[in-house]
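Q: You'll find work_29.pdb just under this line, and it carries PDB, C-alpha atoms.
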ATOM      1  CA  MET O   1      -6.008  -4.202 -35.829  1.00  0.00           C
ATOM      2  CA  ARG O   2      -3.494  -3.743 -33.019  1.00  0.00           C
ATOM      3  CA  VAL O   3       0.235  -4.168 -33.444  1.00  0.00           C
ATOM      4  CA  ARG O   4       1.333  -7.495 -31.959  1.00  0.00           C
ATOM      5  CA  ILE O   5       4.642  -7.666 -30.075  1.00  0.00           C
ATOM      6  CA  LEU O   6       6.438 -10.765 -28.805  1.00  0.00           C
ATOM      7  CA  VAL O   7       8.744 -10.295 -25.800  1.00  0.00           C
ATOM      8  CA  ILE O   8      11.339 -13.064 -25.398  1.00  0.00           C
ATOM      9  CA  ASP O   9      13.268 -13.111 -22.118  1.00  0.00           C
ATOM     10  CA  ASP O  10      14.142 -15.861 -19.642  1.00  0.00           C
ATOM     11  CA  GLU O  11      13.348 -13.509 -16.741  1.00  0.00           C
ATOM     12  CA  GLU O  12       9.617 -13.803 -16.169  1.00  0.00           C
ATOM     13  CA  SER O  13       9.487 -10.506 -14.278  1.00  0.00           C
ATOM     14  CA  ILE O  14      10.971  -8.634 -17.256  1.00  0.00           C
ATOM     15  CA  CYS O  15       8.387 -10.201 -19.555  1.00  0.00           C
ATOM     16  CA  GLU O  16       5.545  -9.205 -17.248  1.00  0.00           C
ATOM     17  CA  ILE O  17       6.742  -5.635 -16.792  1.00  0.00           C
ATOM     18  CA  LEU O  18       7.175  -5.085 -20.532  1.00  0.00           C
ATOM     19  CA  LYS O  19       3.848  -6.739 -21.294  1.00  0.00           C
ATOM     20  CA  TYR O  20       2.011  -4.634 -18.719  1.00  0.00           C
ATOM     21  CA  ASN O  21       3.457  -1.310 -19.870  1.00  0.00           C
ATOM     22  CA  LEU O  22       3.274  -1.945 -23.615  1.00  0.00           C
ATOM     23  CA  GLU O  23      -0.335  -3.086 -23.311  1.00  0.00           C
ATOM     24  CA  LYS O  24      -1.062   0.213 -21.537  1.00  0.00           C
ATOM     25  CA  GLU O  25       0.165   1.870 -24.750  1.00  0.00           C
ATOM     26  CA  GLY O  26      -2.360  -0.072 -26.824  1.00  0.00           C
ATOM     27  CA  TYR O  27      -0.223  -2.916 -28.145  1.00  0.00           C
ATOM     28  CA  GLU O  28      -1.112  -6.600 -28.014  1.00  0.00           C
ATOM     29  CA  VAL O  29       1.772  -8.360 -26.249  1.00  0.00           C
ATOM     30  CA  ASN O  30       2.678 -12.012 -25.793  1.00  0.00           C
ATOM     31  CA  THR O  31       5.723 -13.401 -23.996  1.00  0.00           C
ATOM     32  CA  ALA O  32       8.061 -16.381 -24.252  1.00  0.00           C
ATOM     33  CA  ASN O  33      10.706 -17.398 -21.702  1.00  0.00           C
ATOM     34  CA  SER O  34      13.093 -18.911 -24.221  1.00  0.00           C
ATOM     35  CA  ALA O  35      13.962 -18.694 -27.895  1.00  0.00           C
ATOM     36  CA  GLU O  36      12.892 -22.315 -28.226  1.00  0.00           C
ATOM     37  CA  GLU O  37       9.426 -21.499 -26.914  1.00  0.00           C
ATOM     38  CA  ALA O  38       9.186 -18.489 -29.227  1.00  0.00           C
ATOM     39  CA  LEU O  39       9.984 -20.641 -32.262  1.00  0.00           C
ATOM     40  CA  THR O  40       6.885 -22.756 -31.580  1.00  0.00           C
ATOM     41  CA  MET O  41       4.636 -19.682 -31.790  1.00  0.00           C
ATOM     42  CA  ASP O  42       2.932 -18.062 -34.773  1.00  0.00           C
ATOM     43  CA  LEU O  43       5.839 -15.724 -35.539  1.00  0.00           C
ATOM     44  CA  PRO O  44       4.430 -14.261 -38.793  1.00  0.00           C
ATOM     45  CA  SER O  45       1.533 -12.790 -36.777  1.00  0.00           C
ATOM     46  CA  TYR O  46       3.855 -10.448 -34.853  1.00  0.00           C
ATOM     47  CA  GLN O  47       5.007  -7.055 -36.089  1.00  0.00           C
ATOM     48  CA  LEU O  48       7.899  -6.641 -33.603  1.00  0.00           C
ATOM     49  CA  PHE O  49      10.159  -8.817 -31.449  1.00  0.00           C
ATOM     50  CA  ILE O  50      11.842  -7.625 -28.240  1.00  0.00           C
ATOM     51  CA  VAL O  51      14.555 -10.178 -27.502  1.00  0.00           C
ATOM     52  CA  ASP O  52      17.003 -10.842 -24.666  1.00  0.00           C
ATOM     53  CA  ILE O  53      20.415 -12.095 -25.783  1.00  0.00           C
ATOM     54  CA  MET O  54      21.672 -14.225 -22.890  1.00  0.00           C
ATOM     55  CA  MET O  55      19.309 -17.190 -22.727  1.00  0.00           C
ATOM     56  CA  ASP O  56      19.832 -20.940 -22.303  1.00  0.00           C
ATOM     57  CA  LYS O  57      20.596 -23.023 -25.390  1.00  0.00           C
ATOM     58  CA  LEU O  58      19.478 -20.666 -28.155  1.00  0.00           C
ATOM     59  CA  SER O  59      20.617 -17.093 -27.569  1.00  0.00           C
ATOM     60  CA  GLY O  60      18.881 -13.975 -28.792  1.00  0.00           C
ATOM     61  CA  PHE O  61      21.494 -13.774 -31.536  1.00  0.00           C
ATOM     62  CA  ASP O  62      20.576 -17.326 -32.586  1.00  0.00           C
ATOM     63  CA  PHE O  63      16.891 -16.414 -32.662  1.00  0.00           C
ATOM     64  CA  ALA O  64      17.564 -13.319 -34.776  1.00  0.00           C
ATOM     65  CA  GLY O  65      19.638 -15.409 -37.176  1.00  0.00           C
ATOM     66  CA  LYS O  66      16.741 -17.830 -37.670  1.00  0.00           C
ATOM     67  CA  LEU O  67      14.385 -14.941 -38.418  1.00  0.00           C
ATOM     68  CA  LYS O  68      16.740 -13.377 -40.910  1.00  0.00           C
ATOM     69  CA  ASN O  69      17.161 -16.725 -42.711  1.00  0.00           C
ATOM     70  CA  ASN O  70      13.411 -17.116 -43.156  1.00  0.00           C
ATOM     71  CA  GLU O  71      11.938 -15.287 -46.152  1.00  0.00           C
ATOM     72  CA  GLU O  72       8.608 -14.810 -44.391  1.00  0.00           C
ATOM     73  CA  LEU O  73      10.222 -13.301 -41.277  1.00  0.00           C
ATOM     74  CA  GLU O  74      13.428 -11.629 -42.469  1.00  0.00           C
ATOM     75  CA  ASN O  75      11.924  -8.125 -42.534  1.00  0.00           C
ATOM     76  CA  LYS O  76      10.313  -8.286 -39.090  1.00  0.00           C
ATOM     77  CA  PRO O  77      11.879  -5.642 -36.796  1.00  0.00           C
ATOM     78  CA  ILE O  78      13.871  -6.796 -33.768  1.00  0.00           C
ATOM     79  CA  ILE O  79      14.879  -4.864 -30.654  1.00  0.00           C
ATOM     80  CA  PHE O  80      17.524  -6.497 -28.475  1.00  0.00           C
ATOM     81  CA  CYS O  81      16.993  -5.811 -24.761  1.00  0.00           C
ATOM     82  CA  THR O  82      19.945  -7.154 -22.819  1.00  0.00           C
ATOM     83  CA  ALA O  83      22.453  -6.702 -20.018  1.00  0.00           C
ATOM     84  CA  LEU O  84      25.290  -6.986 -22.547  1.00  0.00           C
ATOM     85  CA  ALA O  85      26.489  -3.403 -22.832  1.00  0.00           C
ATOM     86  CA  ASP O  86      29.857  -3.821 -24.566  1.00  0.00           C
ATOM     87  CA  GLU O  87      30.304  -2.017 -27.865  1.00  0.00           C
ATOM     88  CA  ASP O  88      31.210  -5.285 -29.600  1.00  0.00           C
ATOM     89  CA  ASP O  89      27.915  -6.866 -28.517  1.00  0.00           C
ATOM     90  CA  THR O  90      25.962  -3.845 -29.709  1.00  0.00           C
ATOM     91  CA  VAL O  91      27.719  -3.866 -33.063  1.00  0.00           C
ATOM     92  CA  MET O  92      27.139  -7.604 -33.447  1.00  0.00           C
ATOM     93  CA  GLY O  93      23.429  -7.221 -32.662  1.00  0.00           C
ATOM     94  CA  LEU O  94      22.994  -4.414 -35.163  1.00  0.00           C
ATOM     95  CA  ASN O  95      24.992  -6.298 -37.785  1.00  0.00           C
ATOM     96  CA  LEU O  96      22.632  -9.233 -37.329  1.00  0.00           C
ATOM     97  CA  GLY O  97      19.845  -6.964 -38.487  1.00  0.00           C
ATOM     98  CA  ALA O  98      18.439  -5.655 -35.201  1.00  0.00           C
ATOM     99  CA  ASP O  99      16.586  -2.359 -35.494  1.00  0.00           C
ATOM    100  CA  ASP O 100      17.572  -1.165 -32.014  1.00  0.00           C
ATOM    101  CA  TYR O 101      19.585  -2.226 -28.970  1.00  0.00           C
ATOM    102  CA  ILE O 102      18.506  -1.433 -25.392  1.00  0.00           C
ATOM    103  CA  THR O 103      20.711  -2.230 -22.403  1.00  0.00           C
ATOM    104  CA  LYS O 104      19.440  -3.279 -18.977  1.00  0.00           C
ATOM    105  CA  PRO O 105      18.536  -1.810 -16.579  1.00  0.00           C
ATOM    106  CA  PHE O 106      16.146   0.161 -18.767  1.00  0.00           C
ATOM    107  CA  SER O 107      13.458   2.743 -18.104  1.00  0.00           C
ATOM    108  CA  ILE O 108       9.915   2.085 -19.281  1.00  0.00           C
ATOM    109  CA  PRO O 109       9.588   5.438 -21.114  1.00  0.00           C
ATOM    110  CA  GLN O 110      12.795   4.600 -22.993  1.00  0.00           C
ATOM    111  CA  VAL O 111      11.457   1.223 -24.118  1.00  0.00           C
ATOM    112  CA  VAL O 112       8.115   2.696 -25.189  1.00  0.00           C
ATOM    113  CA  ALA O 113       9.866   5.453 -27.147  1.00  0.00           C
ATOM    114  CA  ARG O 114      12.162   2.960 -28.860  1.00  0.00           C
ATOM    115  CA  VAL O 115       9.220   0.736 -29.803  1.00  0.00           C
ATOM    116  CA  ARG O 116       7.355   3.669 -31.313  1.00  0.00           C
ATOM    117  CA  SER O 117      10.460   4.757 -33.203  1.00  0.00           C
ATOM    118  CA  VAL O 118      11.108   1.309 -34.682  1.00  0.00           C
ATOM    119  CA  LEU O 119       7.479   0.871 -35.714  1.00  0.00           C
ATOM    120  CA  ARG O 120       7.501   4.307 -37.307  1.00  0.00           C
ATOM    121  CA  ARG O 121      10.713   3.618 -39.217  1.00  0.00           C
ATOM    122  CA  CYS O 122       9.321   0.296 -40.415  1.00  0.00           C
ATOM    123  CA  ASN O 123       6.145   1.997 -41.638  1.00  0.00           C
ATOM    124  CA  ILE O 124       3.918  -0.010 -39.329  1.00  0.00           C
ATOM    125  CA  GLN O 125       1.096   2.480 -39.022  1.00  0.00           C
ATOM    126  CA  ASP O 126      -1.608   0.498 -37.261  1.00  0.00           C
ATOM    127  CA  HIS O 127      -0.078   1.225 -33.883  1.00  0.00           C
ATOM    128  CA  LEU O 128      -0.929   4.927 -34.179  1.00  0.00           C
ATOM    129  CA  GLN O 129      -4.626   4.261 -34.609  1.00  0.00           C
ATOM    130  CA  ALA O 130      -4.534   1.576 -31.915  1.00  0.00           C
ATOM    131  CA  ASN O 131      -2.932   3.935 -29.417  1.00  0.00           C
ATOM    132  CA  ARG O 132      -5.467   6.665 -30.111  1.00  0.00           C
ATOM    133  CA  SER O 133      -8.344   4.208 -29.728  1.00  0.00           C
ATOM    134  CA  LYS O 134      -6.859   2.896 -26.499  1.00  0.00           C
ATOM    135  CA  ALA O 135      -6.601   6.425 -25.135  1.00  0.00           C
ATOM    136  CA  LYS O 136     -10.290   7.178 -25.711  1.00  0.00           C
ATOM    137  CA  TYR O 137     -11.694   4.960 -22.986  1.00  0.00           C
ATOM    138  CA  GLU O 138     -10.444   2.456 -20.436  1.00  0.00           C
ATOM    139  CA  SER O 139     -12.835   0.589 -18.172  1.00  0.00           C
ATOM    140  CA  ASP O 140     -12.684   1.080 -14.400  1.00  0.00           C
ATOM    141  CA  ILE O 141     -10.784  -1.371 -12.196  1.00  0.00           C
ATOM    142  CA  VAL O 142     -12.784  -2.387  -9.133  1.00  0.00           C
ATOM    143  CA  PHE O 143     -11.899  -4.314  -6.000  1.00  0.00           C
ATOM    144  CA  GLN O 144     -14.480  -4.321  -3.218  1.00  0.00           C
ATOM    145  CA  GLY O 145     -14.924  -0.608  -2.285  1.00  0.00           C
ATOM    146  CA  ILE O 146     -11.924   0.529  -4.357  1.00  0.00           C
ATOM    147  CA  ARG O 147     -12.637   1.868  -7.843  1.00  0.00           C
ATOM    148  CA  ILE O 148      -9.955   3.227 -10.150  1.00  0.00           C
ATOM    149  CA  ASN O 149     -11.177   5.434 -12.978  1.00  0.00           C
ATOM    150  CA  ARG O 150      -8.326   5.188 -15.462  1.00  0.00           C
ATOM    151  CA  ASN O 151      -9.753   7.901 -17.715  1.00  0.00           C
ATOM    152  CA  GLU O 152     -10.087  10.559 -15.002  1.00  0.00           C
ATOM    153  CA  LYS O 153      -7.013   9.216 -13.128  1.00  0.00           C
ATOM    154  CA  ILE O 154      -8.962   9.153  -9.869  1.00  0.00           C
ATOM    155  CA  CYS O 155      -9.226   6.461  -7.205  1.00  0.00           C
ATOM    156  CA  TYR O 156     -12.475   6.276  -5.273  1.00  0.00           C
ATOM    157  CA  ILE O 157     -12.696   4.629  -1.857  1.00  0.00           C
ATOM    158  CA  ASP O 158     -16.287   3.766  -0.963  1.00  0.00           C
ATOM    159  CA  GLY O 159     -17.417   6.422  -3.427  1.00  0.00           C
ATOM    160  CA  GLN O 160     -15.081   9.183  -2.179  1.00  0.00           C
ATOM    161  CA  ASP O 161     -12.013  10.544  -3.959  1.00  0.00           C
ATOM    162  CA  ALA O 162      -9.025   9.069  -2.102  1.00  0.00           C
ATOM    163  CA  GLY O 163      -6.793  11.999  -3.092  1.00  0.00           C
ATOM    164  CA  LEU O 164      -3.945   9.823  -4.359  1.00  0.00           C
ATOM    165  CA  SER O 165      -0.793  11.374  -5.754  1.00  0.00           C
ATOM    166  CA  ARG O 166       0.400  10.313  -9.225  1.00  0.00           C
ATOM    167  CA  THR O 167       2.851   7.813  -7.733  1.00  0.00           C
ATOM    168  CA  GLU O 168       0.285   6.393  -5.317  1.00  0.00           C
ATOM    169  CA  PHE O 169      -2.239   6.071  -8.149  1.00  0.00           C
ATOM    170  CA  ASP O 170       0.282   4.241 -10.363  1.00  0.00           C
ATOM    171  CA  LEU O 171       1.290   1.951  -7.499  1.00  0.00           C
ATOM    172  CA  LEU O 172      -2.299   0.972  -6.744  1.00  0.00           C
ATOM    173  CA  LEU O 173      -3.115   0.515 -10.425  1.00  0.00           C
ATOM    174  CA  PHE O 174      -0.134  -1.809 -10.820  1.00  0.00           C
ATOM    175  CA  PHE O 175      -1.067  -3.875  -7.776  1.00  0.00           C
ATOM    176  CA  LEU O 176      -4.735  -4.186  -8.725  1.00  0.00           C
ATOM    177  CA  GLU O 177      -3.758  -5.401 -12.190  1.00  0.00           C
ATOM    178  CA  HIS O 178      -1.230  -7.869 -10.716  1.00  0.00           C
ATOM    179  CA  ARG O 179      -2.946  -9.274  -7.639  1.00  0.00           C
ATOM    180  CA  ASN O 180      -1.782 -12.139  -5.436  1.00  0.00           C
ATOM    181  CA  ARG O 181       1.870 -11.942  -6.389  1.00  0.00           C
ATOM    182  CA  VAL O 182       4.804 -10.457  -4.498  1.00  0.00           C
ATOM    183  CA  TYR O 183       7.109  -8.074  -6.379  1.00  0.00           C
ATOM    184  CA  SER O 184      10.553  -6.965  -5.269  1.00  0.00           C
ATOM    185  CA  ARG O 185      11.247  -3.271  -4.749  1.00  0.00           C
ATOM    186  CA  GLU O 186      13.422  -3.293  -7.870  1.00  0.00           C
ATOM    187  CA  GLU O 187      10.551  -4.688  -9.956  1.00  0.00           C
ATOM    188  CA  ILE O 188       8.158  -2.100  -8.578  1.00  0.00           C
ATOM    189  CA  ILE O 189      10.619   0.718  -9.317  1.00  0.00           C
ATOM    190  CA  ARG O 190      11.097  -0.451 -12.917  1.00  0.00           C
ATOM    191  CA  ASN O 191       7.358  -0.575 -13.438  1.00  0.00           C
ATOM    192  CA  VAL O 192       6.059   2.521 -11.623  1.00  0.00           C
ATOM    193  CA  TRP O 193       8.812   5.144 -11.526  1.00  0.00           C
ATOM    194  CA  THR O 194      10.223   6.888 -14.594  1.00  0.00           C
ATOM    195  CA  ASN O 195      13.286   8.098 -12.690  1.00  0.00           C
ATOM    196  CA  VAL O 196      15.796   6.450 -10.389  1.00  0.00           C
ATOM    197  CA  VAL O 197      14.573   6.184  -6.782  1.00  0.00           C
ATOM    198  CA  SER O 198      15.712   4.327  -3.684  1.00  0.00           C
ATOM    199  CA  ASN O 199      14.114   1.345  -1.983  1.00  0.00           C
ATOM    200  CA  ARG O 200      13.247   3.693   0.864  1.00  0.00           C
ATOM    201  CA  THR O 201      11.106   5.742  -1.528  1.00  0.00           C
ATOM    202  CA  VAL O 202       9.093   2.617  -2.354  1.00  0.00           C
ATOM    203  CA  ASP O 203       8.553   1.883   1.346  1.00  0.00           C
ATOM    204  CA  THR O 204       7.482   5.454   2.101  1.00  0.00           C
ATOM    205  CA  SER O 205       5.101   5.650  -0.866  1.00  0.00           C
ATOM    206  CA  LEU O 206       3.436   2.375   0.064  1.00  0.00           C
ATOM    207  CA  THR O 207       3.035   3.483   3.689  1.00  0.00           C
ATOM    208  CA  ARG O 208       1.207   6.624   2.508  1.00  0.00           C
ATOM    209  CA  LEU O 209      -0.908   4.586   0.088  1.00  0.00           C
ATOM    210  CA  ARG O 210      -1.938   2.162   2.831  1.00  0.00           C
ATOM    211  CA  THR O 211      -3.046   5.077   4.995  1.00  0.00           C
ATOM    212  CA  LYS O 212      -5.165   6.589   2.227  1.00  0.00           C
ATOM    213  CA  LEU O 213      -6.797   3.236   1.472  1.00  0.00           C
ATOM    214  CA  GLY O 214      -8.074   3.019   5.031  1.00  0.00           C
ATOM    215  CA  ALA O 215      -9.500  -0.416   5.820  1.00  0.00           C
ATOM    216  CA  TYR O 216      -8.424  -1.661   2.390  1.00  0.00           C
ATOM    217  CA  GLY O 217      -4.769  -0.911   3.138  1.00  0.00           C
ATOM    218  CA  LYS O 218      -4.452  -4.332   4.767  1.00  0.00           C
ATOM    219  CA  HIS O 219      -4.584  -5.897   1.302  1.00  0.00           C
ATOM    220  CA  ILE O 220      -1.133  -4.490   0.502  1.00  0.00           C
ATOM    221  CA  GLU O 221       1.066  -7.282   1.792  1.00  0.00           C
ATOM    222  CA  THR O 222       4.647  -6.897   2.981  1.00  0.00           C
ATOM    223  CA  ARG O 223       6.845  -9.965   2.599  1.00  0.00           C
ATOM    224  CA  VAL O 224      10.043  -9.337   4.549  1.00  0.00           C
ATOM    225  CA  GLY O 225      13.065 -10.087   2.403  1.00  0.00           C
ATOM    226  CA  PHE O 226      10.968 -10.311  -0.773  1.00  0.00           C
ATOM    227  CA  GLY O 227       8.856  -7.202  -1.374  1.00  0.00           C
ATOM    228  CA  TYR O 228       5.206  -6.211  -1.700  1.00  0.00           C
ATOM    229  CA  GLY O 229       2.003  -7.431  -3.288  1.00  0.00           C
ATOM    230  CA  PHE O 230      -1.754  -6.965  -3.277  1.00  0.00           C
ATOM    231  CA  LYS O 231      -3.525  -9.909  -1.668  1.00  0.00           C
ATOM    232  CA  GLU O 232      -7.241 -10.307  -2.372  1.00  0.00           C
ATOM    233  CA  ASN O 233      -8.006 -12.515   0.632  1.00  0.00           C
ATOM    234  CA  VAL O 234      -6.659 -11.389   4.016  1.00  0.00           C
TER     235      VAL O 234
END
If you took the structure in this file and wrote it as structure tokens, what would it be?
A:
Amino acid sequence: MRVRILVIDDEESICEILKYNLEKEGYEVNTANSAEEALTMDLPSYQLFIVDIMMDKLSGFDFAGKLKNNEELENKPIIFCTALADEDDTVMGLNLGADDYITKPFSIPQVVARVRSVLRRCNIQDHLQANRSKAKYESDIVFQGIRINRNEKICYIDGQDAGLSRTEFDLLLFFLEHRNRVYSREEIIRNVWTNVVSNRTVDTSLTRLRTKLGAYGKHIETRVGFGYGFKENV
């Protein structure tokens, strides 16, 4: 049984980025774009909630209060993930019973480490077995003549090793798993890079990736003023 996590944030891009990266770690992740939507879901089935604070109508604090006033849910761990960075907000969140407090902008490795730490402290052990099982084998991702072997960390173009760098590999993997949608440079940075880089770095990396993809490079779409995406039909 995999650990189930519910991400609640009114920014759809944040939900998608957290879902994508936490699922890579072996967790089962669902998302909700408001506290109201989350309250209609099967909350007892989740082992962890990652919650934004500043949302319309019901805030993340309101949602946490409802959990803590429900005998069936009061011991479920909560991580607040928010742009509110003041000490008073942090103290209030922790006093409400949150198990951790992450401020935006965040790094993906930080979020993953915090999730593991909270689950470990709460004695939720299934995630360890799930992560090990997930690491054993991951099926290839294929698009036309592109094949990504996620176990060997190799991209093949028409049967030949494309010689992608780690960043190029991660970029292509992200795009192939999120096709036909344009992402801003900031969204791509949050998802692919573990350190702080400039928008220019994104542009340069994608130019190199296009070159290495050869004829398939045309599927990486540039939307001026918006960002990049991988378009299946060109």
Q: Interatomic distance between CA of Tyr183 in chain O and CA of Phe226 in chain O?
A: 7.2 Å
Q: Would you compute, for all listed atoms of range 149-163 of chain O, the axis-aligned bounding box grown by 6 Å on each side, and then report its centre and edge lengths in Å rounded to one decimal, as JSON?
A:
{"center_x": -12.1, "center_y": 7.9, "center_z": -9.3, "size_x": 22.6, "size_y": 20.2, "size_z": 28.8}
Q: One decimal, in Å: what's the spacing between CA of Asn180 in chain O and CA of Phe230 in chain O?
A: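 Spanning CA of Asn180 in chain O to CA of Phe230 in chain O is a straight-line distance of 5.6 Å.
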Q: Could you tell me how far CA of Gln47 in chain O lies from CA of Val115 in chain O, in Å and to one decimal?
A: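 The value is 10.9 Å.
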Q: Could you check the closest approach to Asn149 in chain O for each of O:Phe169, O:Tyr27, O:Phe49, O:Tyr228 and tell me which residue wins, using only C-alpha atoms?
A: O:Phe169
Q: Looking at all atoms listed in the file, which of O:Ala98, O:Ile220, O:Val142, O:Leu43 is the one that sits closest to Asn70 in chain O?
A: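 Among O:Ala98, O:Ile220, O:Val142, O:Leu43, it is O:Leu43 that comes nearest to Asn70 in chain O.
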Q: Please determine, counting only C-alpha atoms, which residue among O:Val224, O:Cys81, O:Val202, O:Ala162 has the shortest atom-to-atom distance to Val182 in chain O.
A: O:Val224
Q: Rank nothing, just name the residue among O:Ala64, O:Ile8, O:Leu173, O:Leu164 nearest to Arg150 in chain O, using all atoms listed in the file.
A: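 Closest residue, counting all atoms listed in the file: O:Leu173.
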Q: Near range 71-77 of chain O, counting only C-alpha atoms, which residues have an atom at most 12 Å away, once you skip same-chain residues fewer than 4 positions from it, shown as a PyMOL selection string?
A: chain O and resi 4-6+39+42-51+63-67+94+96-101+114-124
Q: Starting from the shown file, work through the PyMOL selection byres ((chain O and resi 186-193) around 10) and note down what comes out as JSON, numbers by chain.
A: {"O": [13, 14, 16, 17, 18, 20, 21, 105, 106, 107, 108, 109, 166, 167, 168, 169, 170, 171, 172, 173, 174, 175, 182, 183, 184, 185, 194, 195, 196, 197, 198, 199, 201, 202, 227, 228, 229]}
Q: Give me the residues within 12 Å of Glu232 in chain O as a list of chain:residue names, counting only C-alpha atoms and dropping any in the same chain fewer than 6 places off.
A: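 Using only C-alpha atoms, the neighbours found are O:Val142, O:Phe143, O:Gln144, O:Ile146, O:Phe175, O:Leu176, O:Glu177, O:His178, O:Arg179, O:Asn180, O:Arg181, O:Tyr216, O:Gly217, O:Lys218, O:His219, O:Ile220, O:Glu221.
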Q: Take the point (25.1, -3.8, -31.1) in the file's coordinates, draw a sphere of radius 12 Å around it, and report as a list in words every protein, DNA or RNA residue with an atom inside or on it, counting only C-alpha atoms.
A: Ile53, Phe61, Ile78, Ile79, Phe80, Cys81, Thr82, Ala83, Leu84, Ala85, Asp86, Glu87, Asp88, Asp89, Thr90, Val91, Met92, Gly93, Leu94, Asn95, Leu96, Gly97, Ala98, Asp99, Asp100, Tyr101, Ile102 and Thr103 of chain O
Q: Could you check the closest approach to Ser165 in chain O for each of O:Asn69, O:Ser205, O:Thr31, O:Asn233 and tell me which residue wins, using all atoms listed in the file?
A: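 Among O:Asn69, O:Ser205, O:Thr31, O:Asn233, it is O:Ser205 that comes nearest to Ser165 in chain O.
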Q: Set the distance at 9 Å and use only C-alpha atoms: which residues neighbour Ile157 in chain O once local chain neighbours fewer than 6 positions away are removed? I'd like the list as a PyMOL selection string.
A: chain O and resi 145-148+212-214+216
